[in-house]
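Text of work_38.cif, listed as mmCIF, C-alpha atoms and all ligand atoms:
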data_query
loop_
_atom_site.label_atom_id
_atom_site.label_comp_id
_atom_site.auth_asym_id
_atom_site.auth_seq_id
_atom_site.Cartn_x
_atom_site.Cartn_y
_atom_site.Cartn_z
CA MET A 364 0.00 0.00 0.00
CA SER A 365 1.14 3.58 -0.51
CA THR A 366 2.67 5.11 2.50
CA ASN A 367 2.72 8.71 3.58
CA GLN A 368 6.15 8.25 5.12
CA GLN A 369 7.97 8.45 1.80
CA PRO A 370 11.69 8.96 2.02
CA LEU A 371 12.64 12.31 0.56
CA THR A 372 15.76 10.84 -0.90
CA ILE A 373 16.82 7.57 -2.49
CA ASN A 374 20.51 6.64 -2.35
CA ASN A 375 21.09 10.15 -1.02
CA GLN A 376 19.52 11.57 -4.16
CA PRO A 377 16.27 13.55 -4.04
CA LEU A 378 13.57 11.53 -5.79
CA THR A 379 12.93 14.27 -8.31
CA ASN A 380 16.58 14.16 -9.42
CA PHE A 381 16.00 10.69 -10.80
CA LYS A 382 16.33 10.70 -14.55
CA ILE A 383 13.68 8.42 -16.04
CA GLY A 384 13.92 6.55 -19.32
CA VAL A 385 10.91 4.99 -21.04
CA LEU A 386 11.30 2.48 -23.86
CA GLY A 387 8.34 2.26 -26.25
CA ALA A 388 6.27 5.30 -27.24
CA GLY A 389 2.92 3.51 -27.56
CA SER A 390 -0.14 4.11 -25.41
CA MET A 391 1.51 2.95 -22.17
CA GLY A 392 4.99 4.42 -22.74
CA SER A 393 3.72 7.89 -23.63
CA GLY A 394 1.38 7.84 -20.60
CA ILE A 395 4.24 6.88 -18.27
CA VAL A 396 6.54 9.56 -19.69
CA GLN A 397 3.77 12.14 -19.19
CA ILE A 398 3.49 11.18 -15.50
CA ALA A 399 7.27 11.26 -14.92
CA ALA A 400 7.72 14.63 -16.67
CA THR A 401 4.76 16.09 -14.76
CA GLN A 402 6.44 14.87 -11.57
CA LYS A 403 9.45 17.05 -12.47
CA HIS A 404 11.75 14.30 -13.77
CA GLN A 405 14.03 14.75 -16.73
CA THR A 406 12.89 11.97 -19.06
CA VAL A 407 13.99 10.23 -22.25
CA LEU A 408 11.42 8.47 -24.43
CA VAL A 409 12.96 5.98 -26.86
CA ASP A 410 11.23 4.11 -29.69
CA LEU A 411 12.76 2.50 -32.76
CA ASN A 412 9.86 3.73 -34.84
CA GLU A 413 10.05 7.40 -35.77
CA ASP A 414 6.32 7.60 -36.53
CA ALA A 415 5.52 6.30 -33.04
CA LEU A 416 7.77 9.00 -31.53
CA ASN A 417 6.18 11.76 -33.61
CA LYS A 418 2.72 10.52 -32.73
CA ALA A 419 3.59 10.38 -29.02
CA ALA A 420 5.01 13.93 -29.15
CA ALA A 421 1.88 15.24 -30.91
CA ASN A 422 -0.42 13.41 -28.46
CA LEU A 423 1.43 14.74 -25.43
CA LYS A 424 1.23 18.28 -26.83
CA ASN A 425 -2.53 17.87 -27.34
CA ILE A 426 -3.09 16.49 -23.85
CA LEU A 427 -1.14 19.37 -22.27
CA ALA A 428 -2.98 21.92 -24.48
CA ARG A 429 -6.30 20.51 -23.28
CA MET A 430 -5.14 20.79 -19.67
CA VAL A 431 -4.25 24.44 -20.29
CA GLU A 432 -7.68 25.01 -21.88
CA LYS A 433 -9.37 23.49 -18.84
CA GLU A 434 -7.16 25.72 -16.65
CA LYS A 435 -5.67 22.71 -14.85
CA ILE A 436 -2.19 24.04 -15.63
CA ASP A 437 -0.91 27.25 -17.26
CA GLN A 438 0.93 27.44 -20.59
CA ALA A 439 4.31 27.99 -18.93
CA THR A 440 3.91 24.77 -16.90
CA ALA A 441 2.85 22.85 -20.03
CA ASP A 442 5.97 24.10 -21.82
CA VAL A 443 8.19 23.09 -18.89
CA ILE A 444 6.66 19.58 -18.77
CA LEU A 445 7.17 19.06 -22.49
CA GLY A 446 10.68 20.51 -22.20
CA ARG A 447 11.59 17.78 -19.71
CA ILE A 448 11.04 15.07 -22.35
CA THR A 449 13.73 14.11 -24.84
CA PHE A 450 12.48 12.02 -27.77
CA SER A 451 15.03 9.62 -29.20
CA LYS A 452 15.49 6.60 -31.47
CA ASN A 453 18.64 5.57 -29.67
CA ILE A 454 18.80 3.34 -26.59
CA SER A 455 22.23 4.80 -25.73
CA ASP A 456 20.37 7.97 -24.65
CA PHE A 457 19.41 6.03 -21.50
CA GLN A 458 23.04 6.33 -20.38
CA GLU A 459 22.34 8.80 -17.56
CA CYS A 460 19.03 7.34 -16.40
CA ASP A 461 18.46 6.12 -12.84
CA MET A 462 15.47 4.04 -13.89
CA VAL A 463 14.24 2.84 -17.29
CA ILE A 464 10.68 1.55 -17.70
CA GLU A 465 10.17 -0.68 -20.72
CA ALA A 466 6.76 -0.60 -22.46
CA ILE A 467 7.32 -2.26 -25.86
CA ILE A 468 5.43 -5.15 -27.45
CA GLU A 469 4.38 -8.06 -25.24
CA ASN A 470 6.93 -10.59 -26.49
CA LEU A 471 9.34 -12.32 -24.12
CA GLU A 472 12.16 -12.87 -26.61
CA VAL A 473 12.08 -9.24 -27.76
CA LYS A 474 11.93 -7.97 -24.19
CA LYS A 475 14.89 -10.16 -23.14
CA LYS A 476 16.94 -8.84 -26.03
CA VAL A 477 16.23 -5.19 -25.23
CA PHE A 478 16.93 -5.67 -21.51
CA ALA A 479 20.38 -7.07 -22.34
CA GLU A 480 20.93 -4.15 -24.73
CA MET A 481 19.80 -1.59 -22.16
CA GLU A 482 22.08 -3.08 -19.52
CA SER A 483 25.08 -2.55 -21.75
CA VAL A 484 24.26 1.18 -21.91
CA VAL A 485 23.04 2.23 -18.45
CA SER A 486 24.97 2.86 -15.22
CA PRO A 487 25.57 -0.08 -12.81
CA ASP A 488 22.90 1.22 -10.39
CA CYS A 489 20.17 1.97 -12.91
CA ILE A 490 16.91 0.10 -12.22
CA LEU A 491 15.42 -1.69 -15.23
CA ALA A 492 11.64 -2.12 -15.01
CA SER A 493 9.11 -3.78 -17.27
CA ASN A 494 5.48 -2.73 -17.69
CA THR A 495 4.55 -6.21 -18.95
CA SER A 496 0.98 -7.34 -18.24
CA SER A 497 1.59 -11.07 -18.45
CA LEU A 498 5.21 -12.11 -18.83
CA SER A 499 7.42 -13.49 -16.07
CA ILE A 500 9.70 -10.88 -14.54
CA ALA A 501 12.14 -13.66 -13.57
CA SER A 502 12.60 -14.56 -17.27
CA ILE A 503 13.19 -10.95 -18.25
CA ALA A 504 15.64 -10.48 -15.33
CA ALA A 505 17.52 -13.63 -16.38
CA ALA A 506 18.57 -11.84 -19.57
CA CYS A 507 20.58 -9.35 -17.48
CA LYS A 508 24.02 -9.62 -15.88
CA LYS A 509 22.62 -7.90 -12.78
CA PRO A 510 19.15 -9.45 -12.50
CA GLU A 511 18.77 -7.93 -9.01
CA ARG A 512 18.17 -4.53 -10.65
CA VAL A 513 15.15 -5.80 -12.65
CA ILE A 514 11.54 -5.43 -11.48
CA GLY A 515 7.97 -5.31 -12.81
CA ILE A 516 6.20 -1.94 -12.57
CA HIS A 517 2.74 -2.47 -14.01
CA PHE A 518 0.66 0.61 -14.82
CA PHE A 519 -2.97 0.50 -15.94
CA ASN A 520 -4.40 2.13 -19.04
CA PRO A 521 -4.63 5.15 -19.26
CA ALA A 522 -1.54 5.43 -17.05
CA PRO A 523 -1.89 9.12 -16.11
CA LEU A 524 -5.49 8.57 -14.92
CA MET A 525 -5.49 5.13 -13.30
CA PRO A 526 -4.19 5.34 -9.72
CA LEU A 527 -3.00 1.73 -9.34
CA VAL A 528 0.51 0.44 -10.04
CA GLU A 529 1.49 -3.17 -9.30
CA ILE A 530 5.10 -3.58 -8.12
CA ILE A 531 6.38 -7.04 -8.97
CA PRO A 532 9.76 -8.14 -7.67
CA ALA A 533 11.17 -11.24 -9.37
CA VAL A 534 12.88 -13.93 -7.32
CA GLN A 535 16.17 -12.26 -8.32
CA THR A 536 15.14 -8.66 -7.46
CA SER A 537 17.03 -7.02 -4.57
CA GLU A 538 15.27 -5.41 -1.60
CA GLU A 539 16.88 -2.12 -2.58
CA THR A 540 15.46 -2.25 -6.11
CA LYS A 541 12.03 -3.10 -4.70
CA ASN A 542 12.04 -0.36 -2.04
CA THR A 543 13.44 2.33 -4.32
CA SER A 544 10.98 1.52 -7.10
CA ARG A 545 8.00 1.54 -4.78
CA ALA A 546 9.05 4.78 -3.05
CA LEU A 547 9.53 6.46 -6.41
CA ILE A 548 6.13 5.43 -7.80
CA ASP A 549 4.47 6.35 -4.47
CA SER A 550 6.06 9.79 -4.79
CA TRP A 551 4.20 10.16 -8.11
CA GLY A 552 0.93 9.96 -6.16
CA LYS A 553 0.12 6.45 -7.34
CA VAL A 554 -1.36 3.67 -5.19
CA THR A 555 1.19 0.86 -5.24
CA VAL A 556 0.53 -2.75 -4.35
CA LEU A 557 3.11 -5.50 -4.07
CA ALA A 558 2.40 -8.62 -6.14
CA LYS A 559 4.13 -11.97 -6.58
CA ASP A 560 5.65 -12.71 -9.98
CA THR A 561 2.84 -15.06 -11.07
CA PRO A 562 0.57 -14.97 -14.16
CA GLY A 563 -1.68 -11.90 -14.27
CA PHE A 564 -0.13 -10.54 -11.02
CA ILE A 565 -3.15 -9.38 -8.95
CA VAL A 566 -5.67 -7.59 -11.16
CA ASN A 567 -5.40 -9.64 -14.35
CA ARG A 568 -5.70 -12.84 -12.33
CA VAL A 569 -8.46 -11.95 -9.87
CA ALA A 570 -10.61 -10.23 -12.55
CA ARG A 571 -10.78 -13.25 -14.91
CA PRO A 572 -14.23 -14.50 -13.73
CA PHE A 573 -15.78 -11.07 -14.40
CA TYR A 574 -15.36 -11.90 -18.09
CA GLY A 575 -15.19 -15.72 -18.08
CA GLU A 576 -18.24 -16.41 -15.93
CA ALA A 577 -20.30 -13.74 -17.75
CA LEU A 578 -19.43 -15.39 -21.08
CA LYS A 579 -20.35 -18.82 -19.69
CA ILE A 580 -23.69 -17.54 -18.39
CA TYR A 581 -24.38 -16.15 -21.89
CA GLU A 582 -23.28 -19.39 -23.61
CA GLU A 583 -25.64 -21.43 -21.43
CA GLY A 584 -28.49 -19.22 -22.61
CA VAL A 585 -29.27 -17.93 -19.11
CA ALA A 586 -29.36 -14.32 -20.32
CA ASP A 587 -28.22 -12.04 -23.14
CA PHE A 588 -25.35 -9.52 -23.07
CA ALA A 589 -27.54 -6.56 -22.12
CA THR A 590 -29.22 -8.40 -19.24
CA ILE A 591 -25.91 -9.63 -17.80
CA ASP A 592 -24.47 -6.09 -18.08
CA TRP A 593 -27.60 -4.68 -16.42
CA ALA A 594 -27.31 -7.19 -13.54
CA MET A 595 -23.67 -6.32 -12.86
CA THR A 596 -24.16 -2.54 -13.00
CA GLU A 597 -27.60 -2.11 -11.43
CA ILE A 598 -27.47 -4.92 -8.88
CA GLY A 599 -23.71 -5.40 -8.48
CA GLY A 600 -22.82 -1.69 -8.56
CA PHE A 601 -19.99 -2.12 -11.11
CA LYS A 602 -19.27 0.93 -13.30
CA MET A 603 -19.46 -1.15 -16.50
CA GLY A 604 -20.97 -4.54 -17.27
CA PRO A 605 -18.60 -7.30 -18.49
CA PHE A 606 -19.66 -7.12 -22.16
CA THR A 607 -19.49 -3.32 -22.32
CA LEU A 608 -16.07 -3.55 -20.65
CA MET A 609 -14.77 -6.27 -23.01
CA ASP A 610 -15.93 -4.12 -25.96
CA TYR A 611 -14.03 -1.22 -24.44
CA ILE A 612 -10.81 -3.20 -23.81
CA GLY A 613 -11.05 -4.96 -27.19
CA ASN A 614 -12.02 -8.61 -27.61
CA ASP A 615 -8.66 -9.41 -29.23
CA ILE A 616 -6.70 -8.08 -26.25
CA ASN A 617 -9.02 -9.47 -23.58
CA TYR A 618 -9.09 -12.88 -25.28
CA THR A 619 -5.29 -13.00 -25.58
CA VAL A 620 -4.84 -12.15 -21.88
CA THR A 621 -7.29 -14.94 -20.96
CA GLU A 622 -5.54 -17.44 -23.20
CA THR A 623 -2.12 -16.46 -21.84
CA VAL A 624 -3.26 -16.71 -18.22
CA PHE A 625 -4.97 -20.08 -18.96
CA ALA A 626 -1.78 -21.56 -20.46
CA ALA A 627 0.42 -20.04 -17.75
CA PHE A 628 -1.71 -21.76 -15.09
CA TYR A 629 -1.14 -25.12 -16.75
CA TYR A 630 -4.69 -25.11 -18.12
CA ASP A 631 -6.52 -24.73 -14.84
CA PRO A 632 -10.23 -24.84 -15.90
CA ARG A 633 -10.92 -21.77 -13.74
CA TYR A 634 -9.30 -19.64 -16.45
CA LYS A 635 -10.67 -21.41 -19.54
CA PRO A 636 -11.23 -19.00 -22.47
CA SER A 637 -14.59 -18.77 -24.25
CA PHE A 638 -15.50 -19.67 -27.84
CA THR A 639 -17.94 -16.79 -27.94
CA GLN A 640 -15.15 -14.31 -27.35
CA LYS A 641 -12.78 -16.16 -29.69
CA ARG A 642 -15.33 -16.01 -32.50
CA HIS A 643 -16.00 -12.32 -31.88
CA ALA A 644 -12.26 -11.66 -32.11
CA GLU A 645 -11.95 -13.80 -35.28
CA ALA A 646 -14.86 -11.99 -36.88
CA GLY A 647 -13.14 -8.67 -36.26
CA TRP A 648 -15.89 -7.70 -33.80
CA LEU A 649 -13.31 -6.32 -31.45
CA GLY A 650 -15.54 -3.79 -29.72
CA ARG A 651 -15.68 0.00 -29.79
CA LYS A 652 -12.51 0.33 -31.85
CA THR A 653 -14.06 -1.55 -34.80
CA GLY A 654 -17.59 -0.22 -34.31
CA ARG A 655 -18.91 -3.63 -33.36
CA GLY A 656 -18.35 -6.11 -30.58
CA TYR A 657 -21.01 -7.63 -28.37
CA TYR A 658 -22.91 -4.44 -29.18
CA ASN A 659 -23.21 -2.58 -32.47
CA TYR A 660 -21.84 0.95 -32.12
CA ALA A 661 -22.87 2.21 -35.58
CA GLU A 662 -24.81 5.46 -35.50
CA GLY A 663 -28.54 5.10 -35.22
CA VAL A 664 -28.47 1.45 -34.19
CA GLU A 665 -30.89 0.79 -31.38
CA GLN A 666 -29.23 -0.90 -28.40
CA PRO A 667 -30.76 -4.13 -27.03
CA GLN A 668 -32.76 -3.69 -23.85
CA PRO A 669 -32.07 -5.84 -20.76
CA LYS A 670 -34.68 -8.10 -19.26
CA LYS A 671 -35.02 -6.37 -15.90
CA ASP A 672 -35.96 -9.44 -13.88
CA GLU A 673 -34.64 -8.84 -10.34
CA LYS A 674 -34.50 -12.55 -9.41
CA LEU A 675 -32.59 -13.49 -12.56
CA GLY A 676 -30.35 -10.44 -12.19
CA LYS A 677 -29.44 -11.38 -8.63
CA GLU A 678 -28.66 -14.97 -9.64
CA ILE A 679 -26.34 -13.75 -12.42
CA CYS A 680 -24.66 -11.19 -10.20
CA ASP A 681 -24.14 -13.62 -7.31
CA ARG A 682 -22.66 -16.28 -9.58
CA ILE A 683 -20.07 -13.90 -11.03
CA LEU A 684 -19.40 -12.32 -7.63
CA VAL A 685 -18.72 -15.56 -5.75
CA MET A 686 -16.34 -16.64 -8.51
CA LEU A 687 -14.49 -13.31 -8.17
CA MET A 688 -14.41 -13.62 -4.38
CA ASN A 689 -13.10 -17.19 -4.60
CA GLU A 690 -10.33 -15.99 -6.91
CA ALA A 691 -9.38 -13.17 -4.50
CA ILE A 692 -9.40 -15.57 -1.51
CA ASP A 693 -7.26 -18.08 -3.44
CA ALA A 694 -4.79 -15.30 -4.34
CA LEU A 695 -4.51 -14.54 -0.62
CA PHE A 696 -4.11 -18.26 0.15
CA LEU A 697 -1.21 -18.47 -2.32
CA ASN A 698 0.42 -15.29 -0.95
CA ILE A 699 0.14 -13.44 -4.26
CA ALA A 700 -0.37 -10.26 -2.23
CA SER A 701 -1.61 -9.08 1.16
CA ARG A 702 -5.33 -8.93 1.92
CA GLU A 703 -5.17 -5.14 1.92
CA ASP A 704 -3.33 -4.99 -1.44
CA ILE A 705 -5.72 -7.46 -3.13
CA ASP A 706 -8.69 -5.29 -2.20
CA LEU A 707 -6.89 -2.06 -3.12
CA ALA A 708 -5.83 -3.50 -6.49
CA MET A 709 -9.41 -4.25 -7.52
CA THR A 710 -10.88 -0.94 -6.36
CA LYS A 711 -8.07 1.27 -7.70
CA GLY A 712 -7.01 -0.73 -10.77
CA VAL A 713 -10.38 -1.73 -12.21
CA ASN A 714 -12.80 0.46 -10.22
CA TYR A 715 -14.65 -2.35 -8.43
CA PRO A 716 -17.27 -0.90 -6.08
CA LYS A 717 -15.78 -2.79 -3.10
CA GLY A 718 -12.73 -4.88 -2.33
CA LEU A 719 -13.61 -8.54 -2.96
CA LEU A 720 -12.35 -9.85 0.41
CA ALA A 721 -14.24 -7.22 2.37
CA TRP A 722 -17.28 -7.82 0.14
CA ALA A 723 -17.15 -11.59 0.77
CA GLU A 724 -17.25 -10.96 4.50
CA GLU A 725 -20.18 -8.61 4.04
CA MET A 726 -22.03 -11.24 1.98
CA GLY A 727 -21.14 -13.86 4.61
CA LEU A 728 -18.27 -16.29 4.02
CA ALA A 729 -20.52 -19.28 4.71
CA ASN A 730 -22.95 -17.96 2.12
CA VAL A 731 -20.17 -17.54 -0.48
CA LEU A 732 -18.95 -21.09 0.20
CA ALA A 733 -22.48 -22.51 -0.03
CA LYS A 734 -23.05 -20.87 -3.44
CA LEU A 735 -19.73 -22.20 -4.77
CA GLU A 736 -20.41 -25.68 -3.44
CA HIS A 737 -23.78 -25.62 -5.13
CA LEU A 738 -22.15 -24.69 -8.48
CA PHE A 739 -19.41 -27.29 -7.95
CA ALA A 740 -21.97 -30.04 -7.26
CA GLU A 741 -24.23 -29.01 -10.13
CA TYR A 742 -21.52 -28.75 -12.80
CA GLY A 743 -19.04 -31.30 -11.47
CA GLU A 744 -16.33 -28.98 -12.84
CA ASP A 745 -13.07 -28.13 -11.13
CA ARG A 746 -13.68 -24.56 -12.27
CA TYR A 747 -16.06 -24.10 -9.32
CA ARG A 748 -13.87 -25.63 -6.59
CA PRO A 749 -13.88 -23.43 -3.50
CA SER A 750 -10.50 -22.22 -2.27
CA VAL A 751 -9.07 -24.16 0.65
CA LEU A 752 -8.66 -20.85 2.47
CA LEU A 753 -12.39 -20.10 2.08
CA ARG A 754 -13.21 -23.46 3.69
CA ARG A 755 -10.77 -22.76 6.51
CA MET A 756 -12.19 -19.28 7.04
CA VAL A 757 -15.72 -20.66 7.28
CA LYS A 758 -14.60 -23.42 9.65
CA SER A 759 -12.98 -20.89 11.98
CA LEU A 760 -16.09 -18.68 12.11
CA PRO A 761 -17.46 -18.36 15.64
N1 LIG A 801 -2.37 -1.35 -23.44
C1 LIG A 801 -2.67 -1.69 -22.21
O1 LIG A 801 -3.84 -1.62 -21.78
C2 LIG A 801 -1.59 -2.14 -21.27
C3 LIG A 801 -1.79 -2.04 -19.90
C4 LIG A 801 -0.75 -2.41 -19.03
C5 LIG A 801 0.44 -2.90 -19.55
N2 LIG A 801 0.58 -3.01 -20.91
C6 LIG A 801 1.88 -3.52 -21.39
O2 LIG A 801 2.66 -2.42 -21.81
C7 LIG A 801 3.49 -2.78 -22.91
C8 LIG A 801 3.22 -1.84 -24.07
O3 LIG A 801 1.86 -1.88 -24.41
P1 LIG A 801 1.18 -0.75 -25.33
O4 LIG A 801 -0.28 -1.03 -25.33
O5 LIG A 801 1.67 0.60 -24.93
O6 LIG A 801 1.79 -1.13 -26.76
P2 LIG A 801 1.82 -0.28 -28.12
O7 LIG A 801 1.73 -1.25 -29.21
O8 LIG A 801 0.84 0.85 -28.05
O9 LIG A 801 3.29 0.38 -28.12
C9 LIG A 801 4.48 -0.37 -28.20
C10 LIG A 801 5.59 0.55 -28.73
O10 LIG A 801 6.82 -0.14 -28.61
C11 LIG A 801 7.62 0.14 -29.76
N3 LIG A 801 8.61 -0.92 -29.88
C12 LIG A 801 8.40 -2.22 -30.23
N4 LIG A 801 9.58 -2.90 -30.20
C13 LIG A 801 10.52 -2.00 -29.79
C14 LIG A 801 11.93 -2.10 -29.54
N5 LIG A 801 12.58 -3.25 -29.69
N6 LIG A 801 12.57 -1.00 -29.12
C15 LIG A 801 11.92 0.17 -28.97
N7 LIG A 801 10.60 0.33 -29.20
C16 LIG A 801 9.92 -0.75 -29.60
C17 LIG A 801 6.63 0.21 -30.90
O11 LIG A 801 7.14 0.98 -31.96
C18 LIG A 801 5.42 0.90 -30.22
O12 LIG A 801 5.50 2.31 -30.37
C19 LIG A 801 3.20 -4.26 -23.18
O13 LIG A 801 4.14 -5.03 -22.49
C20 LIG A 801 1.80 -4.43 -22.59
O14 LIG A 801 1.55 -5.76 -22.21
C21 LIG A 801 -0.38 -2.63 -21.76
#

Write the structure described by the file as structure tokens, please.
Amino acid sequence: MSTNQQPLTINNQPLTNFKIGVLGAGSMGSGIVQIAATQKHQTVLVDLNEDALNKAAANLKNILARMVEKEKIDQATADVILGRITFSKNISDFQECDMVIEAIIENLEVKKKVFAEMESVVSPDCILASNTSSLSIASIAAACKKPERVIGIHFFNPAPLMPLVEIIPAVQTSEETKNTSRALIDSWGKVTVLAKDTPGFIVNRVARPFYGEALKIYEEGVADFATIDWAMTEIGGFKMGPFTLMDYIGNDINYTVTETVFAAFYYDPRYKPSFTQKRHAEAGWLGRKTGRGYYNYAEGVEQPQPKKDEKLGKEICDRILVMLMNEAIDALFLNIASREDIDLAMTKGVNYPKGLLAWAEEMGLANVLAKLEHLFAEYGEDRYRPSVLLRRMVKSLP
């Protein structure tokens, strides 16, 4: 969790003196560089692709101009922020950086290669961080001569707006790298949580049933997209229903994350991907970005209306919720993160209305277990197995 007792210095250097490098000028890299420059750091943004650099520079200018328009900052401040960013095609410009955050394509071999390259350029104390969503930090660190300087620093999209950052030390990461990284990101006003280097870290692991169980409920013909979305927003209190959210994220991206997590967990049925989503992705119905996903976003198209049946809505909502709670409890059981950090991650990273562990207690742990046992007995599928920790928690109830 973020702490208010942030050290004012790291290695006897004021935090703001840290020079920050960012590799990859795509949506994440340009967001991260915007945060660092706004937090008064000299920054270097490197991308091999000149178009990507030009686009990032133009985007950043636009964002700052809009902030001036809305009187959030004045023109002089906008100019100073932009002036703190150097745009470059050359990794050797990271030479004076104290930390470099990598945000290039999600490919382990490519990331390993660039980490080795970066290490040959930077100072011996420079921290090398990856913003990967799904790859093992231990594998990336293994590509370096000093793996103890490598860590995962996982921002959420859009990085300047989303408060959560997952800090993921690999088995090789030193305490110093972990503490310095966390203190630095805390000093940027972010909410940091510490996560184990396991597939999906906290958020992308615990959130899987929000999509997977919703898709299964649809596939079984229990309800349509609009009704499931209505149940989760109106009854569950979520900001967006699962289908609206998958359309927003993109069915290609959401499907790939699910498939990656499924394989990384040695095909645990809890994370099994859905044919409905696969077909939507194959059809090019990716969501908002292609004008069609589970919903049709073309102008003038009437949106389907939910069946507002309270009893059905509650059944849908409870089924998805207990699966989410079970996932959060299992993450705690396996020491993926602390109880506090698991709840913070879901409220600050994906805007859940409540932390899942606190919510499970509110719903009644015995009640959550009973609902899961009912699903487990009815389906006979390992997917619905209750976490051992949930059973223990219920057993120890007064
Ligand atoms: N998009 C998200 O929602 C999101 C959220 C959290 C984390 N991430 C992670 O962040 C990383 C970047 O994602 P993104 O969505 O910003 O990608 P993106 O495709 O928008 O940008 C990637 C950039 O990296 C550049 N690049 C590729 N190979 C390079 C190399 N060898 N050297 C220098 N630059 C190179 C590309 O030119 C491109 O500009 C990925 O690891 C992704 O998993 C993404």

Restricting the calculation to only C-alpha atoms and all ligand atoms: of A:Ala400, A:Val757, A:Ile444, A:Val528, which residue gets closest to ligand LIG 801 (chain A)?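 Checking each candidate against ligand LIG 801 (chain A), we get A:Val528 as the closest.
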
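The interatomic distance for the pair CA of Lys559 (chain A) and CA of Met756 (chain A) works out to 22.5 Å.
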
Distance table requested - region 622-678 of chain A against region 561-576 of chain A, cut-off 10 Å, all atoms listed in the file: one row per qualifying residue with the closest atom pair and its distance in Å to one decimal, ordered by chain and rising residue number, as a Markdown table.
| residue | atom | partner | partner_atom | distance |
| --- | --- | --- | --- | --- |
| A:Thr623 | CA | A:Pro562 | CA | 8.3 |
| A:Val624 | CA | A:Pro562 | CA | 5.8 |
| A:Phe625 | CA | A:Pro562 | CA | 8.9 |
| A:Ala626 | CA | A:Pro562 | CA | 9.4 |
| A:Ala627 | CA | A:Pro562 | CA | 6.2 |
| A:Phe628 | CA | A:Pro562 | CA | 7.2 |
| A:Arg633 | CA | A:Pro572 | CA | 8.0 |
| A:Tyr634 | CA | A:Arg571 | CA | 6.7 |
| A:Lys635 | CA | A:Gly575 | CA | 7.4 |
| A:Pro636 | CA | A:Gly575 | CA | 6.8 |
| A:Ser637 | CA | A:Gly575 | CA | 6.9 |
| A:Gln640 | CA | A:Gly575 | CA | 9.4 |

Near-ligand residues for ligand LIG 801 (chain A), threshold 7 Å, only C-alpha atoms and all ligand atoms, as an mmCIF file with C-alpha atoms, in the frame of the given file:
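selection17.cif, freshly written:
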data_model
loop_
_atom_site.group_PDB
_atom_site.id
_atom_site.type_symbol
_atom_site.label_atom_id
_atom_site.label_comp_id
_atom_site.auth_asym_id
_atom_site.auth_seq_id
_atom_site.Cartn_x
_atom_site.Cartn_y
_atom_site.Cartn_z
ATOM 1 C CA LEU A 386 11.300 2.480 -23.860
ATOM 2 C CA GLY A 387 8.340 2.260 -26.250
ATOM 3 C CA ALA A 388 6.270 5.300 -27.240
ATOM 4 C CA GLY A 389 2.920 3.510 -27.560
ATOM 5 C CA SER A 390 -0.140 4.110 -25.410
ATOM 6 C CA MET A 391 1.510 2.950 -22.170
ATOM 7 C CA GLY A 392 4.990 4.420 -22.740
ATOM 8 C CA VAL A 409 12.960 5.980 -26.860
ATOM 9 C CA ASP A 410 11.230 4.110 -29.690
ATOM 10 C CA LEU A 411 12.760 2.500 -32.760
ATOM 11 C CA ASN A 412 9.860 3.730 -34.840
ATOM 12 C CA ALA A 415 5.520 6.300 -33.040
ATOM 13 C CA ALA A 466 6.760 -0.600 -22.460
ATOM 14 C CA ILE A 467 7.320 -2.260 -25.860
ATOM 15 C CA ILE A 468 5.430 -5.150 -27.450
ATOM 16 C CA GLU A 469 4.380 -8.060 -25.240
ATOM 17 C CA VAL A 473 12.080 -9.240 -27.760
ATOM 18 C CA VAL A 477 16.230 -5.190 -25.230
ATOM 19 C CA ASN A 494 5.480 -2.730 -17.690
ATOM 20 C CA THR A 495 4.550 -6.210 -18.950
ATOM 21 C CA SER A 496 0.980 -7.340 -18.240
ATOM 22 C CA SER A 497 1.590 -11.070 -18.450
ATOM 23 C CA HIS A 517 2.740 -2.470 -14.010
ATOM 24 C CA PHE A 518 0.660 0.610 -14.820
ATOM 25 C CA PHE A 519 -2.970 0.500 -15.940
ATOM 26 C CA ASN A 520 -4.400 2.130 -19.040
#

So which residues touch Gly727 (chain A) within 12 Å, counting all atoms listed in the file, skipping near sequence neighbours fewer than 5 positions away, as a PyMOL selection string? chain A and resi 685+688+719-722+732-734+753+756-757+760

Selected residues, C-alpha atoms, written as a short mmCIF file (atom, residue, chain, number, x, y, z; two decimals), in the coordinates of the input, please.
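Below you can see selection25.cif, which holds the result:
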data_model
loop_
_atom_site.label_atom_id
_atom_site.label_comp_id
_atom_site.auth_asym_id
_atom_site.auth_seq_id
_atom_site.Cartn_x
_atom_site.Cartn_y
_atom_site.Cartn_z
CA VAL A 685 -18.72 -15.56 -5.75
CA MET A 688 -14.41 -13.62 -4.38
CA LEU A 719 -13.61 -8.54 -2.96
CA LEU A 720 -12.35 -9.85 0.41
CA ALA A 721 -14.24 -7.22 2.37
CA TRP A 722 -17.28 -7.82 0.14
CA LEU A 732 -18.95 -21.09 0.20
CA ALA A 733 -22.48 -22.51 -0.03
CA LYS A 734 -23.05 -20.87 -3.44
CA LEU A 753 -12.39 -20.10 2.08
CA MET A 756 -12.19 -19.28 7.04
CA VAL A 757 -15.72 -20.66 7.28
CA LEU A 760 -16.09 -18.68 12.11
#

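CA of Ile503 (chain A) to CA of Ala694 (chain A) spans 23.1 Å [interatomic distance, one decimal].
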
Within-10 Å shell of (-27.6, -5.6, -24.2) in input frame, all atoms listed in the file, as a PyMOL selection string: chain A and resi 586-593+604+606-607+657-659+666-670
